[in-house]
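Shown next, in structure tokens, is the structure this report addresses.
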Amino acid sequence: MPTTTSTAASILRGGAWLTEPSDPDSVFTPERLTEEHRLIAQTTRAFVDSEVLPQIDRLEQKDWALSRDLVRRAGDLGLLGVDVPEAYGGVGLDKVTSLLVSEHIAPAASFGATFGSQANLTVLPLLLFGTEAQKQKYLTKLLTGELIGAYALSESGSGSDALGAKARATRQRDGGFVLNGEKMWITNGGFADLFVVFAKVIDDKGEHFTAFIVERAFPGVTSGREEHKLGLHGSSTTPLVLQDVRVPAENLLGEIGKGHKVAFNVLNFGRFKLGGMCSGGAQSAIGESAKYAAERKQFGQPIATFGAIRHKIGEMTVRAYAVQSLIYRIAGLIDARIAATPHDPTDSSSALAAFEEYAIEASIAKVAGSEMLDFVLDENVQIHGGNGFVRDYPAERHYRDARVNRIFEGTNEINRLLITGTLAKRAAKGDLPIIAAAKALQDELLGPPSMPVDDGSLVGEERRAVEALKKAALMTLGLAMQTYGQKLADQQEVLMHLADILIDVYSAESAVLRAVAAANRQAPRASLQIDAARVFVSDAAMRIEASARQALAAIVEGDTLRIMVAALRRLFKMPPVNTVALRRRIAEETVSRGAYIFSG
């Protein structure tokens with residue numbers, strides 16, 4: 001079984017990175033993958049390259065029999081059961097392995113959606129919340145692909161507001177339930193055999209949001225027509241209609257009224273995995289761009305020699321590097337926490353606790369990953385020019401398929417609110433020392449300035465810059481909490497700026513920690529990793545300063561605003577970096593290899 005290093009330093013609480021230092025050697029990075037990790041990654045990618053991508057046209061023509069065959073084939077390879085203990089037919093590997101599978105499934109985005117609905121959104125609820133009888137009855141067949149699963153949470157009137165569902169479950173005298181309602185946008189909806197359905201149980205004490213296991217074979221279960229979507233044409237998306245569907249008592253999933261625990265914890269893990277898929281998709285597209293730019297000639301020379309194209313490829317690679325760094329960091333945190341929690345191999349409560357602990361980081365992975373991928377794929381189309389706009393090249397399909405990632409697993413707006421809201425709640429409860437750190441920082445910034453000490457370390461300037469970025473985040477978040485108190489949740493524009501700051505801070509620190517660790521271990525292309533980290537930190541600093549200025553102007557005014565802006569300027573006295581030269585080096589190596597250069 002692949003394992004990660006579980007040191008005390010690596011098991012920070014969720015969000016603690018904002019106030020506590022991180023040791024580069026305690027952070028998990030792609031360079032620390034084991035041979036078994038790499039073998040599973042190769043197996044996944046070989047399956048996608050040889051069996052899925054050649055069938056894309058058939059999948060986009062709604063050949064659901066083929067989709068079922070491919071899911072079964074993934075089951076044969078053990079890819080559906082990475083997160084499931086061997087006792088239930090899985091292979092019981094770590095979350096780094098789970099991340100690797102997501103990364104390497106990604107080039108086939110439509111099948112990736114089919115796969116994710118099965119392995120993440122159906123298998124995980126049963127694993128985490130199912131009874132022993134439910135696991136024995138359904139899990140084994142889901143892991144082999146004999147049964148196809150789907151997740152039915154959203155409705156036409158309750159997308160982001162999942163708890164506002166209108167589907168109803170009426171209790172019967174025999175202990176069972178009768179379900180009525182309509183669910184929307186159900187991935188695998190056209191051919192799934194099993195659905196995890198959320199509905200409200202109504203009784204004299206009120207409404208109780210609850211999860212159920214519903215078989216297609218139950219009378220009253222029907223699927224609507226396939227949605228005509230912008231992208232992911234090779235995945236099935238339909239409504240699910242429930243008309244007087246009798247669900248036996250033993251198909252209650254979890255407890256009555258605890259459906260939110262099922263939904264939100266599964267979404268936490270799904271967000272982390274989606275970040276991995278976005279990272280993998282970007283890496284693949286960067287390789288396509290590099291190869292095309294090396295072959296395509298204009299004005300008598302390859303377009304890869306032009307500075308404008310080198311800038312694009314360099315920036316694509318830098319942004320992908322930061323996201324890849326942060327998702328592996330999160331995977332290491334989750335694995336370390338699970339490993340440090342005594343538990344039976346069949347007991348998933350430790351994994352459940354880890355998903356809850358790192359909800360902030362999962363949302364960061366989802367937002368950063370999906371927005372980075374959109375940037376990369378937009379540039380991929382641009383590099384391909386007219387060929388990027390036609391279906392003869394995969395750039396067009398990638399572009400269409402990726403747009404939904406900013407909506408999947410909770411919109412990016414909802415996830416931004418979750419990042420800041422969860423951090424503020426943990427601070428208010430005293431779980432994270434953010435309030436104390438913000439007060440100490442205020443005293444520091446109002447006092448005389450201190451001269452930075454050059455310790456001569458690798459990317460020392462960038463490490464100092466990251467500390468300054470953390471201080472900017474603490475200053476702005478602390479002021480917002482002090483100003484608005486319990487009404488902070490009403491200030492969504494401010495929360496959005498705060499989320500952007502936090503996402504950039506976590507991404508920048510992850511990139512720097514990985515680059516330092518690579519240099520310390522003399523990893524291949526370590527110098528280029530340092531280049532990538534330096535570019536990302538330089539650009540992140542400018543974005544964070546802009547977001548912080550806008551947030552401060554919304555929070556305070558007059559003399560207080562002037563004082564806070566002056567304090568902010570003290571934090572951002574960073575020397576300029578020649579990012580043109582650094583991007584050029586990265587781009588030249590990427591084009592030379594014809595692939596993403598930081599694969600681990």
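All residue names refer to the structure tokens as shown: chains lettered A, B, ... in order, residues numbered from 1 in each chain, ligands numbered from 1 in order.
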
Can you write out as CSV which residues of stretch 499-558 of chain A fall within 12 Å of stretch 369-375 of chain A, alongside each residue's closest atom pair and its distance in Å to one decimal, counting only C-alpha atoms and ordering rows by chain and ascending residue number?
```
residue,atom,partner,partner_atom,distance
A:Asp500,CA,A:Glu371,CA,11.5
A:Ile503,CA,A:Gly369,CA,10.4
A:Asp504,CA,A:Met372,CA,11.7
A:Ser507,CA,A:Gly369,CA,10.3
```

Selection export as a CSV table (one decimal), in the first residue's frame, atoms kept: N, CA, C and O atoms:
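Once everything was written out, this is again10.csv:
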```
chain,number,residue,atom,x,y,z
A,500,ASP,N,-10.2,35.2,-2.5
A,500,ASP,CA,-9.1,35.3,-3.6
A,500,ASP,C,-7.8,35.5,-2.9
A,500,ASP,O,-6.8,34.9,-3.4
A,503,ILE,N,-6.8,32.0,-1.4
A,503,ILE,CA,-6.4,31.0,-2.4
A,503,ILE,C,-5.0,31.3,-3.0
A,503,ILE,O,-4.2,30.4,-3.1
A,504,ASP,N,-4.7,32.6,-3.2
A,504,ASP,CA,-3.4,32.9,-3.8
A,504,ASP,C,-2.3,32.7,-2.7
A,504,ASP,O,-1.2,32.2,-3.1
A,507,SER,N,-1.7,28.9,-2.5
A,507,SER,CA,-1.1,28.4,-3.8
A,507,SER,C,0.4,28.9,-3.8
A,507,SER,O,1.2,28.1,-4.2
```

Item to check | Surrounding residues of A:Tyr506 excluding itself and chain neighbours under 3 positions, 8 Å, only C-alpha atoms, as a PyMOL selection string | outcome: chain A and resi 17+326+502-503+509-510

Keeping N, CA, C and O atoms for every residue in the selection just given, could you write it to a file as a PDB file, in the first residue's frame?
```pdb
ATOM      1  N   TRP A  17      -2.341  26.766   8.271  1.00  0.00           N
ATOM      2  CA  TRP A  17      -1.224  27.273   7.477  1.00  0.00           C
ATOM      3  C   TRP A  17      -1.178  28.806   7.450  1.00  0.00           C
ATOM      4  O   TRP A  17      -0.137  29.401   7.168  1.00  0.00           O
ATOM      5  N   LEU A 326      -0.394  22.445  -4.580  1.00  0.00           N
ATOM      6  CA  LEU A 326      -1.325  22.545  -3.450  1.00  0.00           C
ATOM      7  C   LEU A 326      -2.192  21.299  -3.308  1.00  0.00           C
ATOM      8  O   LEU A 326      -2.528  20.902  -2.183  1.00  0.00           O
ATOM      9  N   LEU A 502      -6.838  34.414   0.093  1.00  0.00           N
ATOM     10  CA  LEU A 502      -6.480  33.152   0.742  1.00  0.00           C
ATOM     11  C   LEU A 502      -6.067  32.090  -0.272  1.00  0.00           C
ATOM     12  O   LEU A 502      -5.123  31.330  -0.043  1.00  0.00           O
ATOM     13  N   ILE A 503      -6.765  32.027  -1.405  1.00  0.00           N
ATOM     14  CA  ILE A 503      -6.431  31.050  -2.444  1.00  0.00           C
ATOM     15  C   ILE A 503      -5.027  31.318  -2.984  1.00  0.00           C
ATOM     16  O   ILE A 503      -4.209  30.404  -3.145  1.00  0.00           O
ATOM     17  N   GLU A 509       2.369  29.669  -1.258  1.00  0.00           N
ATOM     18  CA  GLU A 509       3.172  28.952  -0.266  1.00  0.00           C
ATOM     19  C   GLU A 509       3.419  27.512  -0.702  1.00  0.00           C
ATOM     20  O   GLU A 509       4.520  26.978  -0.530  1.00  0.00           O
ATOM     21  N   SER A 510       2.406  26.867  -1.268  1.00  0.00           N
ATOM     22  CA  SER A 510       2.565  25.483  -1.718  1.00  0.00           C
ATOM     23  C   SER A 510       3.626  25.377  -2.798  1.00  0.00           C
ATOM     24  O   SER A 510       4.444  24.446  -2.799  1.00  0.00           O
TER      25      SER A 510
END
```

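Proximity to A:Leu100 was assessed for A:Ile338, A:Ala395, A:Leu477, A:Leu39 counting only C-alpha atoms; the smallest distance is recorded for A:Leu39.
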
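Closest to A:Arg319 among A:Ser279, A:Gln382, A:Asn405, A:Ser349 is A:Ser279, based on only C-alpha atoms.
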
Next on the checklist: With only C-alpha atoms as the counted atoms, please give the residues lying no more than 12 Å from A:Leu139, apart from itself and same-chain residues fewer than 2 positions off, as an NGL selection string.
Outcome noted: :A and (75 or 80-81 or 83-90 or 118-119 or 122-137 or 141-149 or 194 or 213)

So that I have them on file, write out the residues from the current selection with C-alpha atoms, as a CSV table (one decimal), in the first residue's frame.
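After the write, result08.csv holds the following:
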```csv
chain,number,residue,atom,x,y,z
A,75,GLY,CA,-13.3,-1.8,-12.1
A,80,LEU,CA,-13.1,2.2,-8.8
A,81,GLY,CA,-12.0,0.9,-5.4
A,83,ASP,CA,-10.7,4.5,-1.5
A,84,VAL,CA,-12.5,1.3,-0.4
A,85,PRO,CA,-11.1,-1.3,2.1
A,86,GLU,CA,-10.3,-4.7,0.8
A,87,ALA,CA,-13.0,-6.2,3.0
A,88,TYR,CA,-15.6,-4.6,0.6
A,89,GLY,CA,-13.8,-5.5,-2.6
A,90,GLY,CA,-11.7,-2.4,-2.9
A,118,GLN,CA,-19.4,6.2,-9.8
A,119,ALA,CA,-16.2,6.2,-7.7
A,122,THR,CA,-21.9,7.0,-5.2
A,123,VAL,CA,-19.2,4.7,-3.7
A,124,LEU,CA,-18.1,7.2,-1.0
A,125,PRO,CA,-21.6,7.9,0.6
A,126,LEU,CA,-22.1,4.2,0.9
A,127,LEU,CA,-18.6,3.7,2.3
A,128,LEU,CA,-18.8,6.5,4.8
A,129,PHE,CA,-22.4,6.3,5.9
A,130,GLY,CA,-23.8,3.0,4.8
A,131,THR,CA,-24.7,0.1,7.1
A,132,GLU,CA,-22.8,-3.1,7.0
A,133,ALA,CA,-25.8,-4.7,5.1
A,134,GLN,CA,-25.8,-1.8,2.6
A,135,LYS,CA,-22.1,-2.1,1.9
A,136,GLN,CA,-22.4,-5.9,1.4
A,137,LYS,CA,-25.3,-5.5,-0.9
A,141,LYS,CA,-21.2,-4.5,-7.4
A,142,LEU,CA,-20.4,-0.8,-7.7
A,143,LEU,CA,-16.7,-1.5,-7.5
A,144,THR,CA,-16.8,-4.1,-10.3
A,145,GLY,CA,-19.0,-1.9,-12.5
A,146,GLU,CA,-21.9,-4.4,-12.4
A,147,LEU,CA,-24.0,-1.6,-10.9
A,148,ILE,CA,-23.7,2.0,-12.2
A,149,GLY,CA,-24.3,4.7,-9.6
A,194,LEU,CA,-28.6,3.0,-8.2
A,213,ILE,CA,-30.4,4.6,-1.6
```

Item to check | Residue neighbourhood A:Pro239, 12 Å, only C-alpha atoms, exclusion window fewer than 2 positions, as a PyMOL selection string | outcome: chain A and resi 150-156+181-192+195+221-228+236-237+241-242

Residues as selected, N, CA, C and O atoms, written as a short mmCIF file (atom, residue, chain, number, x, y, z; two decimals), in the first residue's frame, can you do that?
```cif
data_model
loop_
_atom_site.label_atom_id
_atom_site.label_comp_id
_atom_site.auth_asym_id
_atom_site.auth_seq_id
_atom_site.Cartn_x
_atom_site.Cartn_y
_atom_site.Cartn_z
N ALA A 150 -25.27 6.92 -9.35
CA ALA A 150 -25.45 8.35 -9.60
C ALA A 150 -25.83 9.03 -8.29
O ALA A 150 -26.28 8.39 -7.34
N TYR A 151 -25.65 10.35 -8.27
CA TYR A 151 -25.83 11.16 -7.07
C TYR A 151 -26.89 12.20 -7.36
O TYR A 151 -26.74 13.02 -8.28
N ALA A 152 -27.98 12.19 -6.61
CA ALA A 152 -29.13 13.04 -6.93
C ALA A 152 -29.37 14.02 -5.79
O ALA A 152 -30.15 13.76 -4.87
N LEU A 153 -28.70 15.17 -5.86
CA LEU A 153 -28.84 16.21 -4.85
C LEU A 153 -29.57 17.44 -5.39
O LEU A 153 -30.51 17.93 -4.78
N SER A 154 -29.14 17.94 -6.55
CA SER A 154 -29.65 19.21 -7.07
C SER A 154 -31.09 19.10 -7.57
O SER A 154 -31.54 18.04 -8.00
N GLU A 155 -31.78 20.23 -7.53
CA GLU A 155 -33.12 20.36 -8.11
C GLU A 155 -33.17 21.66 -8.89
O GLU A 155 -32.29 22.51 -8.75
N SER A 156 -34.20 21.84 -9.68
CA SER A 156 -34.29 23.05 -10.50
C SER A 156 -34.31 24.31 -9.66
O SER A 156 -33.82 25.36 -10.06
N GLY A 181 -40.72 13.69 -6.11
CA GLY A 181 -39.95 14.88 -6.45
C GLY A 181 -39.19 14.68 -7.75
O GLY A 181 -39.27 13.63 -8.39
N GLU A 182 -38.47 15.73 -8.13
CA GLU A 182 -37.67 15.67 -9.36
C GLU A 182 -36.29 16.25 -9.10
O GLU A 182 -36.16 17.35 -8.57
N LYS A 183 -35.27 15.48 -9.41
CA LYS A 183 -33.88 15.91 -9.28
C LYS A 183 -33.35 16.27 -10.66
O LYS A 183 -33.77 15.72 -11.68
N MET A 184 -32.39 17.20 -10.68
CA MET A 184 -31.89 17.72 -11.95
C MET A 184 -30.38 17.49 -12.09
O MET A 184 -29.67 17.38 -11.10
N TRP A 185 -29.94 17.47 -13.36
CA TRP A 185 -28.51 17.45 -13.72
C TRP A 185 -27.80 16.24 -13.11
O TRP A 185 -26.71 16.35 -12.53
N ILE A 186 -28.41 15.08 -13.27
CA ILE A 186 -27.86 13.87 -12.66
C ILE A 186 -26.88 13.21 -13.62
O ILE A 186 -27.28 12.67 -14.66
N THR A 187 -25.59 13.26 -13.27
CA THR A 187 -24.58 12.59 -14.08
C THR A 187 -24.77 11.08 -13.97
O THR A 187 -24.98 10.55 -12.88
N ASN A 188 -24.72 10.39 -15.12
CA ASN A 188 -25.04 8.95 -15.27
C ASN A 188 -26.54 8.71 -15.17
O ASN A 188 -26.99 7.56 -15.12
N GLY A 189 -27.33 9.77 -15.17
CA GLY A 189 -28.78 9.64 -14.97
C GLY A 189 -29.47 8.77 -15.99
O GLY A 189 -30.46 8.10 -15.66
N GLY A 190 -28.98 8.72 -17.22
CA GLY A 190 -29.66 7.97 -18.27
C GLY A 190 -29.50 6.47 -18.16
O GLY A 190 -30.31 5.72 -18.74
N PHE A 191 -28.48 5.99 -17.41
CA PHE A 191 -28.27 4.54 -17.39
C PHE A 191 -27.86 4.01 -16.03
O PHE A 191 -27.52 2.84 -15.89
N ALA A 192 -27.91 4.85 -14.98
CA ALA A 192 -27.53 4.39 -13.65
C ALA A 192 -28.54 3.38 -13.11
O ALA A 192 -29.73 3.45 -13.40
N PHE A 195 -29.17 5.14 -7.19
CA PHE A 195 -29.08 6.58 -6.96
C PHE A 195 -28.99 6.87 -5.46
O PHE A 195 -29.72 6.30 -4.66
N VAL A 221 -39.55 5.11 -10.47
CA VAL A 221 -38.28 5.78 -10.78
C VAL A 221 -38.11 5.86 -12.28
O VAL A 221 -38.08 4.84 -12.97
N THR A 222 -38.00 7.07 -12.82
CA THR A 222 -37.78 7.25 -14.25
C THR A 222 -36.77 8.37 -14.49
O THR A 222 -36.61 9.26 -13.65
N SER A 223 -36.11 8.30 -15.63
CA SER A 223 -35.18 9.36 -16.02
C SER A 223 -35.80 10.20 -17.12
O SER A 223 -36.51 9.68 -18.00
N GLY A 224 -35.53 11.51 -17.08
CA GLY A 224 -35.97 12.39 -18.14
C GLY A 224 -35.05 12.32 -19.34
O GLY A 224 -34.13 11.49 -19.40
N ARG A 225 -35.27 13.19 -20.28
CA ARG A 225 -34.47 13.20 -21.50
C ARG A 225 -33.08 13.77 -21.23
O ARG A 225 -32.88 14.55 -20.32
N GLU A 226 -32.12 13.35 -22.06
CA GLU A 226 -30.76 13.85 -21.94
C GLU A 226 -30.73 15.37 -22.13
O GLU A 226 -31.37 15.91 -23.03
N GLU A 227 -29.98 16.04 -21.27
CA GLU A 227 -29.80 17.48 -21.40
C GLU A 227 -28.90 17.78 -22.60
O GLU A 227 -27.96 17.04 -22.89
N HIS A 228 -29.19 18.88 -23.28
CA HIS A 228 -28.35 19.34 -24.40
C HIS A 228 -27.33 20.31 -23.81
O HIS A 228 -27.63 21.49 -23.59
N SER A 236 -23.73 11.12 -19.58
CA SER A 236 -25.19 11.21 -19.50
C SER A 236 -25.59 12.18 -18.39
O SER A 236 -25.10 12.09 -17.26
N THR A 237 -26.48 13.12 -18.72
CA THR A 237 -27.01 14.07 -17.74
C THR A 237 -28.51 14.20 -17.96
O THR A 237 -28.94 14.68 -19.01
N VAL A 241 -36.90 11.48 -12.01
CA VAL A 241 -38.27 11.71 -11.56
C VAL A 241 -38.68 10.60 -10.59
O VAL A 241 -38.51 9.42 -10.88
N LEU A 242 -39.20 11.01 -9.44
CA LEU A 242 -39.62 10.07 -8.40
C LEU A 242 -41.13 10.26 -8.18
O LEU A 242 -41.57 11.32 -7.72
#
```

Next on the checklist: If you run DSSP on the backbone here, which positions in stretch 103-212 of chain A get strand (DSSP E)? Please write them as a ChimeraX atom specification.
Outcome noted: /A:149-152,168-171,177-187,194-203,206-212

Just C-alpha atoms for this one: save the residues we selected as a PDB file, in the first residue's frame.
```pdb
ATOM      1  CA  GLY A 149     -24.324   4.724  -9.616  1.00  0.00           C
ATOM      2  CA  ALA A 150     -25.452   8.350  -9.596  1.00  0.00           C
ATOM      3  CA  TYR A 151     -25.828  11.162  -7.068  1.00  0.00           C
ATOM      4  CA  ALA A 152     -29.131  13.043  -6.928  1.00  0.00           C
ATOM      5  CA  ARG A 168     -40.370  14.723  -0.115  1.00  0.00           C
ATOM      6  CA  ALA A 169     -40.157  11.437   1.763  1.00  0.00           C
ATOM      7  CA  THR A 170     -43.252  10.305   3.626  1.00  0.00           C
ATOM      8  CA  ARG A 171     -42.838   7.719   6.366  1.00  0.00           C
ATOM      9  CA  PHE A 177     -40.698   5.769   2.908  1.00  0.00           C
ATOM     10  CA  VAL A 178     -42.504   7.032  -0.193  1.00  0.00           C
ATOM     11  CA  LEU A 179     -40.455   9.514  -2.234  1.00  0.00           C
ATOM     12  CA  ASN A 180     -41.818  12.170  -4.585  1.00  0.00           C
ATOM     13  CA  GLY A 181     -39.952  14.877  -6.452  1.00  0.00           C
ATOM     14  CA  GLU A 182     -37.668  15.668  -9.363  1.00  0.00           C
ATOM     15  CA  LYS A 183     -33.880  15.905  -9.279  1.00  0.00           C
ATOM     16  CA  MET A 184     -31.886  17.717 -11.945  1.00  0.00           C
ATOM     17  CA  TRP A 185     -28.510  17.448 -13.716  1.00  0.00           C
ATOM     18  CA  ILE A 186     -27.863  13.871 -12.656  1.00  0.00           C
ATOM     19  CA  THR A 187     -24.582  12.586 -14.082  1.00  0.00           C
ATOM     20  CA  LEU A 194     -28.563   3.029  -8.240  1.00  0.00           C
ATOM     21  CA  PHE A 195     -29.083   6.579  -6.962  1.00  0.00           C
ATOM     22  CA  VAL A 196     -28.072   8.348  -3.760  1.00  0.00           C
ATOM     23  CA  VAL A 197     -31.142  10.587  -3.383  1.00  0.00           C
ATOM     24  CA  PHE A 198     -31.727  13.462  -0.967  1.00  0.00           C
ATOM     25  CA  ALA A 199     -35.224  14.358   0.189  1.00  0.00           C
ATOM     26  CA  LYS A 200     -36.966  15.884   3.201  1.00  0.00           C
ATOM     27  CA  VAL A 201     -38.790  13.627   5.632  1.00  0.00           C
ATOM     28  CA  ILE A 202     -41.907  15.478   6.804  1.00  0.00           C
ATOM     29  CA  ASP A 203     -43.467  14.841  10.207  1.00  0.00           C
ATOM     30  CA  GLY A 206     -40.797  19.600  10.843  1.00  0.00           C
ATOM     31  CA  GLU A 207     -38.651  18.814   7.803  1.00  0.00           C
ATOM     32  CA  HIS A 208     -35.607  16.558   8.015  1.00  0.00           C
ATOM     33  CA  PHE A 209     -33.102  16.543   5.127  1.00  0.00           C
ATOM     34  CA  THR A 210     -32.196  12.889   4.584  1.00  0.00           C
ATOM     35  CA  ALA A 211     -30.314  10.592   2.195  1.00  0.00           C
ATOM     36  CA  PHE A 212     -31.681   7.381   0.632  1.00  0.00           C
TER      37      PHE A 212
END
```

Checklist entry - So how far away is atom CA of A:Ile407 from atom CA of A:Asn387, in Å? => result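 Those two atoms sit 27.4 Å apart.
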
Checklist entry - Which of stretch 299-505 of chain A counts as alpha helix (DSSP H) under DSSP, as an MDAnalysis selection string please? => result chainID A and resid 307:339 349:357 359:384 394:402 412:428 434:446 460:484 492:505

Interface rows for stretch 389-468 of chain A against stretch 244-265 of chain A: nearest pair, Å to one decimal, 12 Å, only C-alpha atoms, as a tab-separated table:
```
residue	atom	partner	partner_atom	distance
A:Glu409	CA	A:Phe264	CA	9.5
A:Gly410	CA	A:Phe264	CA	9.8
A:Asn415	CA	A:Phe264	CA	11.7
A:Leu418	CA	A:Phe264	CA	11.3
```

Checklist entry - Excluding same-chain residues fewer than 5 positions from A:Glu444, what lies within 12 Å of it counting only C-alpha atoms, as a VMD selection string? => result chain A and resid 437 to 439 449 to 450 471 475 567 to 568 570 to 571

Residues within 10 Å of A:Leu582, please, as a short mmCIF file (atom, residue, chain, number, x, y, z; two decimals) with C-alpha atoms, in the first residue's frame. Count only C-alpha atoms; anything in the same chain fewer than 4 positions from it doesn't count.
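Heads up, here's the output in out13.cif:
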```
data_model
loop_
_atom_site.label_atom_id
_atom_site.label_comp_id
_atom_site.auth_asym_id
_atom_site.auth_seq_id
_atom_site.Cartn_x
_atom_site.Cartn_y
_atom_site.Cartn_z
CA HIS A 311 4.86 33.76 -22.49
CA GLY A 314 5.35 29.62 -19.53
CA GLU A 315 2.37 31.11 -17.70
CA VAL A 318 3.49 28.18 -13.79
CA LEU A 528 12.96 25.35 -13.04
CA ILE A 530 12.32 27.59 -8.33
CA ASP A 531 11.68 29.70 -11.45
CA ALA A 532 8.01 28.68 -11.42
CA ALA A 533 7.62 29.48 -7.73
CA ARG A 534 9.26 32.89 -8.17
CA VAL A 535 6.95 33.81 -11.06
CA VAL A 577 11.34 39.91 -10.53
CA ASN A 578 12.28 39.41 -14.18
CA ILE A 586 10.17 27.30 -18.42
CA ALA A 587 8.55 27.55 -21.86
#
```

Checklist entry - What lies within 8 Å of A:Ile544 using only C-alpha atoms, ignoring chain neighbours under 2 positions off, as a list in words? => result Leu469, Ala472, Asp500, Ile501, Asp504, Ala540, Ala541, Met542, Ala546, Ser547 and Ala548 of chain A

For the residues in that selection, give me all heavy atoms as a short mmCIF file (atom, residue, chain, number, x, y, z; two decimals), in the first residue's frame.
```
data_model
loop_
_atom_site.label_atom_id
_atom_site.label_comp_id
_atom_site.auth_asym_id
_atom_site.auth_seq_id
_atom_site.Cartn_x
_atom_site.Cartn_y
_atom_site.Cartn_z
N LEU A 469 2.53 37.94 2.44
CA LEU A 469 1.19 37.68 1.89
C LEU A 469 0.27 37.14 2.97
O LEU A 469 -0.92 37.48 3.03
CB LEU A 469 1.29 36.70 0.72
CG LEU A 469 2.19 37.10 -0.46
CD1 LEU A 469 2.10 36.07 -1.58
CD2 LEU A 469 1.83 38.48 -0.98
N ALA A 472 -0.87 40.00 5.04
CA ALA A 472 -1.91 40.78 4.35
C ALA A 472 -3.27 40.10 4.49
O ALA A 472 -4.29 40.76 4.71
CB ALA A 472 -1.55 40.95 2.87
N ASP A 500 -10.18 35.24 -2.55
CA ASP A 500 -9.14 35.34 -3.59
C ASP A 500 -7.76 35.49 -2.95
O ASP A 500 -6.77 34.90 -3.42
CB ASP A 500 -9.43 36.53 -4.50
CG ASP A 500 -10.59 36.28 -5.45
OD1 ASP A 500 -10.95 35.10 -5.65
OD2 ASP A 500 -11.15 37.25 -5.98
N ILE A 501 -7.68 36.28 -1.88
CA ILE A 501 -6.40 36.44 -1.18
C ILE A 501 -5.94 35.11 -0.60
O ILE A 501 -4.78 34.70 -0.77
CB ILE A 501 -6.55 37.50 -0.06
CG1 ILE A 501 -6.79 38.89 -0.66
CG2 ILE A 501 -5.31 37.51 0.84
CD1 ILE A 501 -7.21 39.93 0.36
N ASP A 504 -4.72 32.59 -3.25
CA ASP A 504 -3.40 32.93 -3.77
C ASP A 504 -2.31 32.68 -2.72
O ASP A 504 -1.21 32.24 -3.06
CB ASP A 504 -3.37 34.39 -4.23
CG ASP A 504 -3.48 34.52 -5.75
OD1 ASP A 504 -3.04 33.57 -6.45
OD2 ASP A 504 -3.97 35.54 -6.24
N ALA A 540 1.23 36.67 -7.76
CA ALA A 540 0.24 36.55 -6.69
C ALA A 540 0.29 37.77 -5.78
O ALA A 540 -0.76 38.24 -5.30
CB ALA A 540 0.49 35.28 -5.88
N ALA A 541 1.48 38.30 -5.53
CA ALA A 541 1.61 39.48 -4.66
C ALA A 541 0.84 40.66 -5.24
O ALA A 541 0.16 41.39 -4.50
CB ALA A 541 3.09 39.83 -4.48
N MET A 542 0.93 40.85 -6.55
CA MET A 542 0.19 41.95 -7.18
C MET A 542 -1.31 41.73 -7.08
O MET A 542 -2.08 42.67 -6.81
CB MET A 542 0.64 42.11 -8.64
CG MET A 542 2.06 42.63 -8.78
SD MET A 542 2.53 43.00 -10.49
CE MET A 542 2.85 41.34 -11.11
N ALA A 546 -4.01 44.07 -4.78
CA ALA A 546 -5.20 44.68 -5.38
C ALA A 546 -6.47 44.25 -4.65
O ALA A 546 -7.36 45.07 -4.36
CB ALA A 546 -5.28 44.31 -6.86
N SER A 547 -6.59 42.96 -4.35
CA SER A 547 -7.78 42.47 -3.65
C SER A 547 -7.87 43.05 -2.24
O SER A 547 -8.96 43.41 -1.77
CB SER A 547 -7.76 40.93 -3.57
OG SER A 547 -7.91 40.35 -4.85
N ALA A 548 -6.73 43.14 -1.56
CA ALA A 548 -6.73 43.67 -0.20
C ALA A 548 -7.12 45.15 -0.18
O ALA A 548 -7.89 45.59 0.69
CB ALA A 548 -5.35 43.48 0.43
#
```

Checklist entry - By how many Å are atom CA of A:Ser527 and atom CA of A:Ala322 apart? => result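 Taking atom CA of A:Ser527 as the start and atom CA of A:Ala322 as the end point, the length is 15.2 Å.
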
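Closest approach to A:Ser67 from the set A:Gly14, A:Ala109, A:Ser235, A:Arg32 is made by A:Ser235, with distances taken over only C-alpha atoms.
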
Item to check | Gap from atom CA of A:Ile597 to atom CA of A:Ser50 - Å, one decimal | outcome: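 These atoms are spaced 22.5 Å apart.
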
Item to check | Selected residue of minimal separation from A:Gly116 among A:Gly157, A:Gly231, A:Gly276, A:Pro345, counting only C-alpha atoms | outcome: A:Gly276

Item to check | Shortest interatomic distance to A:Val214 - which of A:Phe299, A:Tyr138, A:Tyr358, A:Phe536, counting only C-alpha atoms | outcome: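 Among A:Phe299, A:Tyr138, A:Tyr358, A:Phe536, it is A:Tyr138 that comes nearest to A:Val214.
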